[in-house]
Amino acid sequence: MTSSTDLKNYHISILHYWNKGVRSARAIHHKTKIPLRTIYYNINKLKQTNSLKHRGGNGRPSILRQIEKNAIAQYIRRNNEITLKKIKEKLSTTYQSSVSASTIRRYLLESGYRNVLPRSTHMLTPEQKQRRIEWAQQHQNNDFTDTIFTDETSFQLFRNTVRRWTKCPNNELKRKPKNRQKVHVWGAVSVRGVLTCHTFRCNLNGSYYVHILKNYLLPAATKEFRQNWCLQQDNDPKHTSNIAKQFINNKIPRLLKWPSNSPDVNPIENLWSIVKRKVEKRKPKHIDELELFLCEEFKNVDVNIVAKIVMSMKKRCLSLIESKGERIKY
């Protein structure tokens, strides 16, 4: 039996010789070893339609009538959270239709629809959107080569985000305790790669944040940039506390003003995703192992990956402007 791949290759070969002026089926057969019957069929098709494309119209006709297809599109426009069961009920009531939910689902997929769970995102006020646009316009031509991007995040023990291939999905289990422990981490990166990181298990406050800046950021930044660098941090209350402001004013060469509610603009967020996935794949068994793996993976991120992410700042600024301050995805 001839496969679809073979037929495609046959079409390419026959069309090649046809376009070169070869009209004899036997001559094409001699050069390609394609069955004569196939060549005759395709030559007749070329003479009639000047194409080898599938004519269409074969197979079972669609169960859904055009009026029902239009109705389905209308139902979704009015309420894109409508279920297949509800669509089926509406079609049955309005058009006395007997189509199944699987037929409706197949039609929706063929029409380009996908049933998705919306991504969660922080709400932005009109004022915040405007400030994001103004910030992007102000910094879109910066090279950010002397900027150190910082942020904190939390890593949870026994995360469950790595997918697996299996023939028995119901048998795939990942056991986790009722109360899962977590480790907090602060990190700093620049176009030169990962500078430093610090893990901790206590709650972060202004005083401890100053401790991190003094004992981790300053030594790493001074070693790499001397006194010619700029600190990026978000507007978390701990970062803008009086004790933190005083330290930054006295010890940090420059501070990059940052738009509120804008984690999507910070390139270090992309690194957290990479590190979390790598740590989860190492399957830490306890909190100390989680902390160890976390530090190792963060410090071992390839410098070229870090540089590429940091140098995406210009594109992020342009995306902010184009999106009129809405969330961007990188």
# chains A, B, ... in the order shown; residues from 1 in each chain; ligands from 1
>>> select_by_dssp(residues="stretch 115-327 of chain A", states="strand (DSSP E)", output="VMD selection string")
chain A and resid 147 to 156 182 to 190 193 to 200 230 to 232 254 to 256
>>> write_last_selection(atoms="N, CA and C atoms", output="CSV table (one decimal), in the first residue's frame")
chain,number,residue,atom,x,y,z
A,147,THR,N,24.0,47.6,34.3
A,147,THR,CA,22.9,47.5,35.2
A,147,THR,C,22.9,46.1,35.8
A,148,ILE,N,22.7,46.1,37.1
A,148,ILE,CA,22.6,44.8,37.9
A,148,ILE,C,21.1,44.6,38.2
A,149,PHE,N,20.5,43.5,37.7
A,149,PHE,CA,19.1,43.3,37.9
A,149,PHE,C,19.0,42.3,39.1
A,150,THR,N,18.1,42.6,40.0
A,150,THR,CA,18.0,41.8,41.3
A,150,THR,C,16.5,41.5,41.5
A,151,ASP,N,16.3,40.4,42.3
A,151,ASP,CA,14.9,40.0,42.6
A,151,ASP,C,15.0,38.9,43.6
A,152,GLU,N,13.9,38.7,44.3
A,152,GLU,CA,13.7,37.6,45.2
A,152,GLU,C,12.6,36.6,44.7
A,153,THR,N,12.7,35.4,45.0
A,153,THR,CA,11.7,34.4,44.7
A,153,THR,C,11.7,33.3,45.8
A,154,SER,N,10.8,32.4,45.7
A,154,SER,CA,10.7,31.3,46.7
A,154,SER,C,10.7,30.0,45.9
A,155,PHE,N,11.4,29.0,46.4
A,155,PHE,CA,11.5,27.6,45.8
A,155,PHE,C,10.9,26.6,46.8
A,156,GLN,N,9.9,25.9,46.3
A,156,GLN,CA,9.2,25.0,47.1
A,156,GLN,C,9.7,23.5,46.9
A,182,LYS,N,9.8,25.6,52.0
A,182,LYS,CA,10.3,26.4,50.9
A,182,LYS,C,11.5,27.2,51.4
A,183,VAL,N,12.3,27.5,50.4
A,183,VAL,CA,13.5,28.4,50.6
A,183,VAL,C,13.4,29.6,49.8
A,184,HIS,N,13.7,30.8,50.3
A,184,HIS,CA,13.7,32.0,49.6
A,184,HIS,C,15.1,32.3,49.1
A,185,VAL,N,15.2,33.0,48.0
A,185,VAL,CA,16.5,33.3,47.4
A,185,VAL,C,16.4,34.7,46.8
A,186,TRP,N,17.5,35.4,47.0
A,186,TRP,CA,17.8,36.7,46.3
A,186,TRP,C,18.9,36.5,45.4
A,187,GLY,N,18.8,37.1,44.2
A,187,GLY,CA,19.8,36.9,43.2
A,187,GLY,C,20.1,38.2,42.4
A,188,ALA,N,21.3,38.3,41.8
A,188,ALA,CA,21.8,39.4,41.1
A,188,ALA,C,22.4,39.0,39.8
A,189,VAL,N,22.0,39.5,38.7
A,189,VAL,CA,22.6,39.2,37.4
A,189,VAL,C,22.9,40.5,36.6
A,190,SER,N,23.8,40.3,35.6
A,190,SER,CA,24.1,41.4,34.7
A,190,SER,C,24.4,40.8,33.3
A,193,GLY,N,26.8,38.0,33.3
A,193,GLY,CA,26.4,36.7,33.9
A,193,GLY,C,25.8,36.8,35.3
A,194,VAL,N,25.8,35.7,36.0
A,194,VAL,CA,25.3,35.6,37.4
A,194,VAL,C,26.4,36.2,38.3
A,195,LEU,N,26.0,37.2,39.1
A,195,LEU,CA,27.0,37.8,40.0
A,195,LEU,C,27.0,37.1,41.3
A,196,THR,N,25.8,37.0,41.9
A,196,THR,CA,25.8,36.4,43.3
A,196,THR,C,24.3,36.0,43.6
A,197,CYS,N,24.2,35.2,44.6
A,197,CYS,CA,22.8,34.9,45.1
A,197,CYS,C,22.9,34.6,46.6
A,198,HIS,N,21.8,34.6,47.3
A,198,HIS,CA,21.8,34.4,48.7
A,198,HIS,C,20.5,33.7,49.1
A,199,THR,N,20.5,32.6,49.8
A,199,THR,CA,19.3,31.9,50.2
A,199,THR,C,19.0,32.1,51.7
A,200,PHE,N,17.8,32.1,52.0
A,200,PHE,CA,17.4,32.4,53.4
A,200,PHE,C,16.0,31.8,53.6
A,230,CYS,N,24.8,50.3,38.1
A,230,CYS,CA,23.5,50.8,38.5
A,230,CYS,C,22.6,49.6,39.0
A,231,LEU,N,21.9,49.8,40.1
A,231,LEU,CA,21.1,48.8,40.7
A,231,LEU,C,19.7,48.9,40.2
A,232,GLN,N,19.1,47.7,39.8
A,232,GLN,CA,17.7,47.6,39.5
A,232,GLN,C,17.1,46.8,40.6
A,254,ARG,N,24.4,54.1,41.6
A,254,ARG,CA,23.2,54.6,40.9
A,254,ARG,C,22.0,53.7,41.1
A,255,LEU,N,20.8,54.2,41.1
A,255,LEU,CA,19.6,53.3,41.2
A,255,LEU,C,18.7,53.6,40.0
A,256,LEU,N,18.3,52.5,39.4
A,256,LEU,CA,17.4,52.6,38.2
A,256,LEU,C,16.0,52.7,38.7
>>> atom_distance(atom1="atom CA of A:Glu134", atom2="atom CA of A:Trp229")
22.8 Å
>>> residues_around(residues="A:Lys278", least_positions_apart="4", cutoff="9 Å", atoms="only C-alpha atoms", output="VMD selection string")
chain A and resid 273 to 274 282 293 to 294 297
>>> write_last_selection(atoms="N, CA, C and O atoms", output="PDB file, in the first residue's frame")
ATOM      1  N   SER A 273      12.684  30.856  36.224  1.00  0.00           N
ATOM      2  CA  SER A 273      11.957  29.740  35.597  1.00  0.00           C
ATOM      3  C   SER A 273      12.913  28.631  35.194  1.00  0.00           C
ATOM      4  O   SER A 273      12.631  27.440  35.387  1.00  0.00           O
ATOM      5  N   ILE A 274      14.051  29.008  34.613  1.00  0.00           N
ATOM      6  CA  ILE A 274      15.049  28.015  34.192  1.00  0.00           C
ATOM      7  C   ILE A 274      15.591  27.253  35.393  1.00  0.00           C
ATOM      8  O   ILE A 274      15.679  26.018  35.399  1.00  0.00           O
ATOM      9  N   ARG A 282      16.296  17.593  39.587  1.00  0.00           N
ATOM     10  CA  ARG A 282      17.286  16.924  40.443  1.00  0.00           C
ATOM     11  C   ARG A 282      16.629  16.248  41.649  1.00  0.00           C
ATOM     12  O   ARG A 282      17.295  15.555  42.407  1.00  0.00           O
ATOM     13  N   PHE A 293      21.014  22.628  45.866  1.00  0.00           N
ATOM     14  CA  PHE A 293      20.772  22.532  44.418  1.00  0.00           C
ATOM     15  C   PHE A 293      20.437  23.903  43.832  1.00  0.00           C
ATOM     16  O   PHE A 293      20.851  24.235  42.724  1.00  0.00           O
ATOM     17  N   LEU A 294      19.671  24.678  44.583  1.00  0.00           N
ATOM     18  CA  LEU A 294      19.260  25.998  44.122  1.00  0.00           C
ATOM     19  C   LEU A 294      20.469  26.895  43.870  1.00  0.00           C
ATOM     20  O   LEU A 294      20.595  27.526  42.809  1.00  0.00           O
ATOM     21  N   GLU A 297      22.555  25.510  40.801  1.00  0.00           N
ATOM     22  CA  GLU A 297      21.948  25.725  39.482  1.00  0.00           C
ATOM     23  C   GLU A 297      21.945  27.197  39.098  1.00  0.00           C
ATOM     24  O   GLU A 297      22.159  27.536  37.928  1.00  0.00           O
TER      25      GLU A 297
END
>>> select_by_dssp(residues="stretch 33-245 of chain A", states="helix (DSSP H, G or I)", output="JSON, numbers by chain")
{"A": [36, 37, 38, 39, 40, 41, 42, 43, 44, 45, 46, 47, 48, 49, 66, 67, 68, 69, 70, 71, 72, 73, 74, 75, 76, 77, 78, 84, 85, 86, 87, 88, 89, 90, 91, 92, 93, 94, 95, 101, 102, 103, 104, 105, 106, 107, 108, 109, 110, 126, 127, 128, 129, 130, 131, 132, 133, 134, 135, 136, 137, 138, 139, 169, 170, 171, 206, 207, 208, 209, 210, 211, 212, 213, 214, 215, 216, 217, 218, 219, 220, 221, 222, 223, 224, 225, 242, 243, 244, 245]}
>>> decode(residues="stretch 251-267 of chain A", atoms="all heavy atoms", output="compact mmCIF listing (two decimals), in the first residue's frame")
# COMPACT_ATOMS: atom_id res chain seq x y z
N LYS A 251 25.55 54.04 49.70
CA LYS A 251 26.48 53.01 49.25
C LYS A 251 26.34 52.60 47.77
O LYS A 251 27.30 52.07 47.20
CB LYS A 251 26.32 51.74 50.10
CG LYS A 251 26.59 51.96 51.59
CD LYS A 251 28.05 52.30 51.84
CE LYS A 251 28.33 52.40 53.34
NZ LYS A 251 29.76 52.73 53.61
N ILE A 252 25.19 52.81 47.18
CA ILE A 252 24.95 52.33 45.80
C ILE A 252 25.23 53.48 44.82
O ILE A 252 24.69 54.58 44.99
CB ILE A 252 23.50 51.84 45.63
CG1 ILE A 252 23.18 50.75 46.65
CG2 ILE A 252 23.28 51.34 44.21
CD1 ILE A 252 24.02 49.51 46.56
N PRO A 253 26.09 53.25 43.80
CA PRO A 253 26.44 54.33 42.86
C PRO A 253 25.22 54.96 42.19
O PRO A 253 25.07 56.18 42.17
CB PRO A 253 27.34 53.64 41.83
CG PRO A 253 27.89 52.46 42.56
CD PRO A 253 26.84 52.01 43.50
N ARG A 254 24.35 54.12 41.61
CA ARG A 254 23.16 54.64 40.93
C ARG A 254 22.01 53.66 41.10
O ARG A 254 22.23 52.45 41.21
CB ARG A 254 23.41 54.83 39.44
CG ARG A 254 24.24 56.07 39.10
CD ARG A 254 24.54 56.15 37.60
NE ARG A 254 25.50 55.14 37.20
CZ ARG A 254 25.35 54.33 36.15
NH1 ARG A 254 24.25 54.39 35.42
NH2 ARG A 254 26.29 53.45 35.84
N LEU A 255 20.79 54.17 41.11
CA LEU A 255 19.59 53.35 41.25
C LEU A 255 18.70 53.57 40.03
O LEU A 255 18.39 54.71 39.68
CB LEU A 255 18.83 53.68 42.53
CG LEU A 255 17.55 52.88 42.79
CD1 LEU A 255 17.87 51.41 43.05
CD2 LEU A 255 16.77 53.46 43.96
N LEU A 256 18.30 52.49 39.38
CA LEU A 256 17.42 52.58 38.22
C LEU A 256 15.97 52.67 38.69
O LEU A 256 15.47 51.79 39.38
CB LEU A 256 17.58 51.34 37.33
CG LEU A 256 16.66 51.24 36.11
CD1 LEU A 256 16.94 52.37 35.12
CD2 LEU A 256 16.82 49.88 35.43
N LYS A 257 15.32 53.76 38.35
CA LYS A 257 13.91 53.92 38.70
C LYS A 257 13.11 52.85 37.97
O LYS A 257 13.29 52.63 36.77
CB LYS A 257 13.42 55.31 38.31
CG LYS A 257 12.03 55.63 38.81
CD LYS A 257 11.65 57.06 38.47
CE LYS A 257 10.23 57.35 38.97
NZ LYS A 257 9.80 58.74 38.63
N TRP A 258 12.21 52.18 38.69
CA TRP A 258 11.50 51.01 38.12
C TRP A 258 10.00 51.23 38.18
O TRP A 258 9.47 51.69 39.20
CB TRP A 258 11.87 49.76 38.92
CG TRP A 258 11.55 48.48 38.21
CD1 TRP A 258 10.57 47.59 38.54
CD2 TRP A 258 12.22 47.93 37.08
NE1 TRP A 258 10.58 46.52 37.68
CE2 TRP A 258 11.59 46.71 36.76
CE3 TRP A 258 13.28 48.36 36.28
CZ2 TRP A 258 11.99 45.92 35.69
CZ3 TRP A 258 13.67 47.57 35.21
CH2 TRP A 258 13.04 46.37 34.93
N PRO A 259 9.27 50.90 37.11
CA PRO A 259 7.81 51.08 37.12
C PRO A 259 7.13 50.08 38.06
O PRO A 259 7.56 48.92 38.17
CB PRO A 259 7.40 50.83 35.66
CG PRO A 259 8.49 49.96 35.11
CD PRO A 259 9.75 50.38 35.81
N SER A 260 6.09 50.51 38.74
CA SER A 260 5.38 49.65 39.69
C SER A 260 4.69 48.49 38.98
O SER A 260 4.27 48.60 37.84
CB SER A 260 4.33 50.47 40.46
OG SER A 260 4.95 51.48 41.21
N ASN A 261 4.61 47.37 39.71
CA ASN A 261 3.85 46.20 39.22
C ASN A 261 4.36 45.73 37.87
O ASN A 261 3.57 45.47 36.96
CB ASN A 261 2.36 46.57 39.14
CG ASN A 261 1.47 45.35 39.25
OD1 ASN A 261 1.94 44.22 39.37
ND2 ASN A 261 0.16 45.57 39.18
N SER A 262 5.68 45.58 37.74
CA SER A 262 6.26 45.23 36.43
C SER A 262 7.27 44.09 36.50
O SER A 262 8.40 44.22 36.01
CB SER A 262 6.92 46.47 35.81
OG SER A 262 5.98 47.49 35.60
N PRO A 263 6.92 42.94 37.09
CA PRO A 263 7.87 41.83 37.10
C PRO A 263 8.15 41.29 35.70
O PRO A 263 9.20 40.68 35.46
CB PRO A 263 7.16 40.77 37.96
CG PRO A 263 5.71 41.10 37.85
CD PRO A 263 5.66 42.60 37.75
N ASP A 264 7.21 41.49 34.76
CA ASP A 264 7.39 40.98 33.40
C ASP A 264 8.51 41.68 32.65
O ASP A 264 9.00 41.18 31.64
CB ASP A 264 6.08 41.13 32.61
CG ASP A 264 5.53 42.55 32.64
OD1 ASP A 264 5.66 43.21 33.67
OD2 ASP A 264 4.95 42.97 31.62
N VAL A 265 8.94 42.85 33.15
CA VAL A 265 10.01 43.60 32.48
C VAL A 265 11.38 43.16 32.97
O VAL A 265 12.38 43.31 32.27
CB VAL A 265 9.82 45.12 32.70
CG1 VAL A 265 10.84 45.92 31.89
CG2 VAL A 265 8.41 45.54 32.32
N ASN A 266 11.45 42.58 34.15
CA ASN A 266 12.73 42.20 34.77
C ASN A 266 13.25 40.90 34.16
O ASN A 266 12.62 39.84 34.27
CB ASN A 266 12.54 42.03 36.28
CG ASN A 266 13.87 41.96 37.01
OD1 ASN A 266 14.92 41.76 36.40
ND2 ASN A 266 13.82 42.11 38.32
N PRO A 267 14.42 40.92 33.51
CA PRO A 267 14.94 39.70 32.86
C PRO A 267 15.27 38.56 33.83
O PRO A 267 15.29 37.40 33.43
CB PRO A 267 16.21 40.19 32.14
CG PRO A 267 16.59 41.44 32.84
CD PRO A 267 15.30 42.07 33.30
